[in-house]
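Report on the structure given below.
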Amino acid sequence: MSANLAAGAGRPRPGNTAWSIYRRLLRYARPYIGVFLIGVLGMILFAATNSALAYLVKEFLNGAFVKKNPEVLWQVPIAVVVLFTLRGIGDYVANFYPSWVGRQVVKGLRRDVFSHYLRLPTPYLDRQQSGHLLSKLTNNIELVAAAATSAAISLIGDSLTIIGLLITLFYMNWRLAVYCIAVAPVIAWLMQIANRSFRRYSERIQNSMGDITRVAKEAIDAHRLIKIFNAEDHQIERFERVNELNRASNMKLARAKSISNPVVQCIASIALASVLYVAIRQVFSHNMQVDEFLGFLTALMLIPSPLRSLVNMSGPLQQGIAAGQSVFEIIDEPTEGSGGTRTLVRARGEVEFRNVSFTYGGDKGDVLHDVSFRVRPGETVAIVGRSGSGKTTLVGLVPRFYDVQQGSVLLDGVDVREYRLTDLRSQVSLVSQDVVLFNDTIRNNIAFNAIDKTDAQITEAARAANVMEFVAQQPNGFDTVLSDRGQNLSGGQRQRISIARALLKDAPVLMLDEATAALDNESERRVQQELALLMRGRTTLVIAHRLSTVEGADRIIVLDHGRIAEIGNHQELLARGGLYAALHGMQFSD
């Protein structure tokens with residue numbers, strides 16, 4: 001499946017047709033073609049029973065009222081039971097097996113989209129709204145299910161039914177059948193117009209669903225802020241605006257659906273009236289028997305139902321195609337790739353920034369300008385400066401969250417772009433202010449993807465980070481399941497789990513991004529002790545606003561508007577009386 005995705009990589013082109021998108025969706029069903037064909041056999045059986053029903057009516061009337069055949073008394077009831085039993089079997093097979101294939105398609109597509117999310121470049125994810133990404137993964141892919149199952153069932157099943165009934169009509173009376181199909185081009189033209197409207201409104205609905213998800217997620221995540229500012233009514237107004245947009249878009253789609261069906265039925269009724277007129281005249285002129293007329297009429301009256309289903313199918317089909325297009329736009333986004341070809345087992349930890357310049361583009365503009373410095377293995381270097389000076393961006397260049405536009409970042413004297421990405425990132429640990437914990441056990445949060453670590457090593461890392469101190473207080477100890485983002489723990493406890501995770505990884509390069517900024521003084525003091533243990537023997541890059549936390553660094557680099565303003569240790573920079581001394585003076589003026 002991944003190979004198929006790679007083969008189809010590339011930005012979507014405006015010329016993409018509905019059929020090309022649907023054909024791409026069908027690739028996900030290709031491994032299950034055998035199961036789907038079982039469903040098609042059910043559709044054929046169901047369609048055949050419709051044609052057989054019209055023939056049965058004709059034979060019943062001929063045997064009972066024309067030939068007066070007494071055997072009709074038992075033949076017809078048995079035929080009815082057999083016919084509707086076969087019809088029920090066909091209906092079950094025609095719906096169940098394609099639906100099974102449809103859920104497999106949704107599962108595979110959802111897996112590939114989620115997998116692709118994880119491999120998208122950080123700059124791309126920074127630009128996206130998480131609500132829209134979640135909506136594509138949930139709502140949009142569910143709409144794809146309708147295109148992959150319900151629409152396919154209707155397209156094949158109803159088309160087979162109509163074809164079978166048309167064959168029956170031609171068999172019974174080809175002149176009348178010609179009258180029936182004369183209206184088909186008009187109906188097809190109306191359906192084409194309706195399809196364009198359905199797809200346009202479907203795209204708007206999916207965008208509005210992304211807005212609903214975004215606003216709801218923001219409100220749920222920021223519930224404390226909303227409560228403290230008494231902003232409930234304001235958030236309700238925000239939600240109501242996107243909710244109303246979604247309602248209006250859905251009503252436009254409903255209006256298009258509601259209009260299309262009566263128009264098609266009206267045109268079909270005109271055709272039916274013409275057929276009845278001609279048929280009754282043939283009966284009056286004895287060119288057509290009553291049993292033939294009623295059999296023909298039965299087959300004719302069975303056509304509107306599948307025809308109506310085909311018309312109604314256009315809405316879900318176009319919704320699914322529009323959803324598929326939005327999903328494939330994500331899948332077609334280029335991933336980070338695998339990086340270079342050079343392998344790396346364990347680095348010495350020498351990090352060098354050589355004439356590094358970086359820009360985000362757009363409103364952010366240039367961030368770093370000609371930054372150069374080297375960090376020796378085992379050395380601790382702090383990076384400080386005003387907000388927006390480029391500290392986090394600079395450190396993010398080491399594991400290639402971003403790539404430089406000019407200059408190079410080197411690890412052990414080799415440009416980081418030459419290393420395999422997995423090898424490079426295995427050399428780096430991160431402890432940040434925003435601790436990420438998963439809805440899993442404490443043990444599994446510490447052993448995050450550390451599949452080669454033993455329970456003894458996990459416990460030792462937890463003990464070194466003083467995690468065991470509060471684990472004993474948890475109801476299930478190490479196997480206590482944390483709530484969303486670890487909200488059932490204090491900030492200091494969450495940070496210790498993050499430190500234990502970094503200790504267990506045992507990477508030679510450590511990045512500390514405001515690791516204690518969100519803690520109170522007591523928690524900060526204790527976490528600093530654990531960080532000191534974590535930093536021992538590792539090359540450490542420390543980002544900090546609190547200058548008291550970097551006084552012991554081997555060197556301090558002061559950034560100002562993306563340029564290095566000063567380099568030195570704490571005492572040297574204070575004595576110099578420059579930007580660092582000014583920042584220090586502002587923090588400690590009291």
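Letters for chains follow the order of the structure tokens (A, B, ...), residue numbers begin at 1 for each chain, and ligand numbers begin at 1 in the order shown.
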### Task
Could you give me, as a ChimeraX atom specification, each residue of stretch 285-445 of chain A that DSSP assigns to alpha helix (DSSP H) when run on this structure's backbone?
/A:290-302,304-331,391-396,421-425,442-445
#### Entry: Contacts of A:Ile567 at 9 Å (only C-alpha atoms; same-chain gap of 4+ positions) as a list of chain:residue names
A:Arg555, A:Ile556, A:Ile557, A:Val558, A:Glu572, A:Leu573
Would you mind exporting the chosen residues as a JSON list (two decimals), in the first residue's frame, restricted to all heavy atoms?
[["chain", "number", "residue", "atom", "x", "y", "z"],
["A", 555, "ARG", "N", 29.41, 27.59, 28.58],
["A", 555, "ARG", "CA", 29.36, 28.81, 27.78],
["A", 555, "ARG", "C", 27.91, 29.23, 27.61],
["A", 555, "ARG", "O", 27.00, 28.41, 27.62],
["A", 555, "ARG", "CB", 30.00, 28.60, 26.41],
["A", 555, "ARG", "CG", 31.51, 28.71, 26.38],
["A", 555, "ARG", "CD", 32.02, 28.62, 24.95],
["A", 555, "ARG", "NE", 31.69, 27.33, 24.34],
["A", 555, "ARG", "CZ", 31.61, 27.13, 23.03],
["A", 555, "ARG", "NH1", 31.77, 28.14, 22.19],
["A", 555, "ARG", "NH2", 31.35, 25.93, 22.55],
["A", 556, "ILE", "N", 27.72, 30.53, 27.44],
["A", 556, "ILE", "CA", 26.40, 31.09, 27.20],
["A", 556, "ILE", "C", 26.46, 31.87, 25.90],
["A", 556, "ILE", "O", 27.36, 32.71, 25.70],
["A", 556, "ILE", "CB", 25.95, 32.01, 28.34],
["A", 556, "ILE", "CG1", 25.89, 31.23, 29.66],
["A", 556, "ILE", "CG2", 24.60, 32.64, 28.02],
["A", 556, "ILE", "CD1", 25.65, 32.09, 30.88],
["A", 557, "ILE", "N", 25.53, 31.55, 24.99],
["A", 557, "ILE", "CA", 25.44, 32.26, 23.71],
["A", 557, "ILE", "C", 24.21, 33.15, 23.77],
["A", 557, "ILE", "O", 23.09, 32.67, 24.01],
["A", 557, "ILE", "CB", 25.36, 31.26, 22.54],
["A", 557, "ILE", "CG1", 26.67, 30.47, 22.45],
["A", 557, "ILE", "CG2", 25.06, 31.98, 21.23],
["A", 557, "ILE", "CD1", 26.66, 29.40, 21.40],
["A", 558, "VAL", "N", 24.40, 34.43, 23.54],
["A", 558, "VAL", "CA", 23.31, 35.40, 23.59],
["A", 558, "VAL", "C", 22.91, 35.75, 22.16],
["A", 558, "VAL", "O", 23.73, 36.24, 21.37],
["A", 558, "VAL", "CB", 23.73, 36.68, 24.35],
["A", 558, "VAL", "CG1", 22.53, 37.62, 24.48],
["A", 558, "VAL", "CG2", 24.28, 36.33, 25.72],
["A", 572, "GLU", "N", 31.94, 36.20, 32.84],
["A", 572, "GLU", "CA", 32.51, 37.01, 31.76],
["A", 572, "GLU", "C", 31.46, 37.94, 31.15],
["A", 572, "GLU", "O", 31.73, 39.13, 30.88],
["A", 572, "GLU", "CB", 33.09, 36.12, 30.67],
["A", 572, "GLU", "CG", 34.35, 35.36, 31.09],
["A", 572, "GLU", "CD", 34.76, 34.32, 30.07],
["A", 572, "GLU", "OE1", 33.97, 34.03, 29.13],
["A", 572, "GLU", "OE2", 35.87, 33.79, 30.19],
["A", 573, "LEU", "N", 30.27, 37.41, 30.93],
["A", 573, "LEU", "CA", 29.21, 38.21, 30.30],
["A", 573, "LEU", "C", 28.70, 39.30, 31.22],
["A", 573, "LEU", "O", 28.36, 40.40, 30.77],
["A", 573, "LEU", "CB", 28.07, 37.29, 29.85],
["A", 573, "LEU", "CG", 28.41, 36.31, 28.72],
["A", 573, "LEU", "CD1", 27.22, 35.41, 28.41],
["A", 573, "LEU", "CD2", 28.83, 37.05, 27.45]]
### Message
Neighbouring residues of A:Leu424 were defined as those with any atom within 10 Å, considering only C-alpha atoms; residues of the same chain fewer than 3 positions away were excluded. Please report them as a ChimeraX atom specification.
### Response
/A:339-340,342-347,398-400,411,416-421,427-428
If you count only C-alpha atoms, which residues fall within 9 Å of A:Val327, apart from same-chain ones fewer than 2 positions away, as a short mmCIF file (atom, residue, chain, number, x, y, z; two decimals) with N, CA, C and O atoms, in the first residue's frame?
data_model
loop_
_atom_site.label_atom_id
_atom_site.label_comp_id
_atom_site.auth_asym_id
_atom_site.auth_seq_id
_atom_site.Cartn_x
_atom_site.Cartn_y
_atom_site.Cartn_z
N LEU A 109 -7.00 3.44 4.43
CA LEU A 109 -6.81 4.86 4.13
C LEU A 109 -6.51 5.65 5.40
O LEU A 109 -5.62 6.51 5.42
N VAL A 113 -3.11 7.74 6.16
CA VAL A 113 -3.15 9.18 6.46
C VAL A 113 -2.47 9.45 7.79
O VAL A 113 -1.66 10.37 7.92
N LYS A 136 -10.04 15.59 8.67
CA LYS A 136 -9.74 14.75 7.50
C LYS A 136 -9.58 13.29 7.91
O LYS A 136 -10.00 12.38 7.18
N LEU A 137 -8.98 13.06 9.08
CA LEU A 137 -8.73 11.69 9.54
C LEU A 137 -10.01 11.00 9.97
O LEU A 137 -10.12 9.78 9.90
N ASN A 140 -13.82 13.13 7.06
CA ASN A 140 -13.64 12.99 5.61
C ASN A 140 -13.48 11.54 5.18
O ASN A 140 -14.01 11.13 4.14
N ILE A 141 -12.75 10.76 5.97
CA ILE A 141 -12.54 9.37 5.58
C ILE A 141 -13.82 8.56 5.75
O ILE A 141 -14.06 7.60 5.00
N ALA A 322 -15.16 14.35 -3.00
CA ALA A 322 -14.60 15.59 -2.45
C ALA A 322 -13.75 15.29 -1.22
O ALA A 322 -12.67 15.86 -1.03
N ALA A 323 -14.23 14.37 -0.37
CA ALA A 323 -13.47 13.99 0.82
C ALA A 323 -12.18 13.29 0.41
O ALA A 323 -11.11 13.52 0.99
N GLY A 324 -12.28 12.40 -0.59
CA GLY A 324 -11.08 11.71 -1.06
C GLY A 324 -10.05 12.67 -1.61
O GLY A 324 -8.85 12.51 -1.37
N GLN A 325 -10.51 13.70 -2.31
CA GLN A 325 -9.58 14.69 -2.85
C GLN A 325 -8.84 15.40 -1.73
O GLN A 325 -7.63 15.60 -1.78
N GLU A 329 -4.82 15.16 -0.92
CA GLU A 329 -3.96 16.35 -0.84
C GLU A 329 -2.96 16.22 0.30
O GLU A 329 -1.81 16.65 0.19
N ILE A 330 -3.42 15.59 1.41
CA ILE A 330 -2.51 15.35 2.53
C ILE A 330 -1.50 14.27 2.15
O ILE A 330 -0.29 14.42 2.36
N ILE A 331 -1.99 13.15 1.60
CA ILE A 331 -1.11 12.04 1.26
C ILE A 331 -0.06 12.46 0.22
O ILE A 331 1.06 11.95 0.22
N ASP A 332 -0.43 13.39 -0.65
CA ASP A 332 0.48 13.83 -1.70
C ASP A 332 1.52 14.83 -1.21
O ASP A 332 2.43 15.18 -1.98
#
### Task
Kindly give the distance, in Å, that separates atom CA of A:Thr380 and atom CA of A:Ala553, rounded to a single decimal.
5.4 Å
### Message
Rounded to one decimal, what separation in Å do you get between atom CA of A:Val436 and atom CA of A:Ser490?
### Response
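If I compute the distance from atom CA of A:Val436 to atom CA of A:Ser490, I get 13.2 Å.
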Mind dumping a table of every stretch 330-384 of chain A residue within 12 Å of stretch 528-536 of chain A, with the nearest atom pair and its distance in Å to one decimal, using only C-alpha atoms, sorted by chain and rising number, as a tab-separated table?
residue	atom	partner	partner_atom	distance
A:Pro377	CA	A:Arg536	CA	11.1
A:Gly378	CA	A:Arg536	CA	7.5
A:Glu379	CA	A:Met535	CA	9.1
A:Thr380	CA	A:Met535	CA	7.9
A:Val381	CA	A:Met535	CA	11.0
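In terms of minimum interatomic distance to A:Gly388, A:Gly562 ranks closest within A:Gly562, A:Gly42, A:Gly486, A:Pro121, counting only C-alpha atoms.
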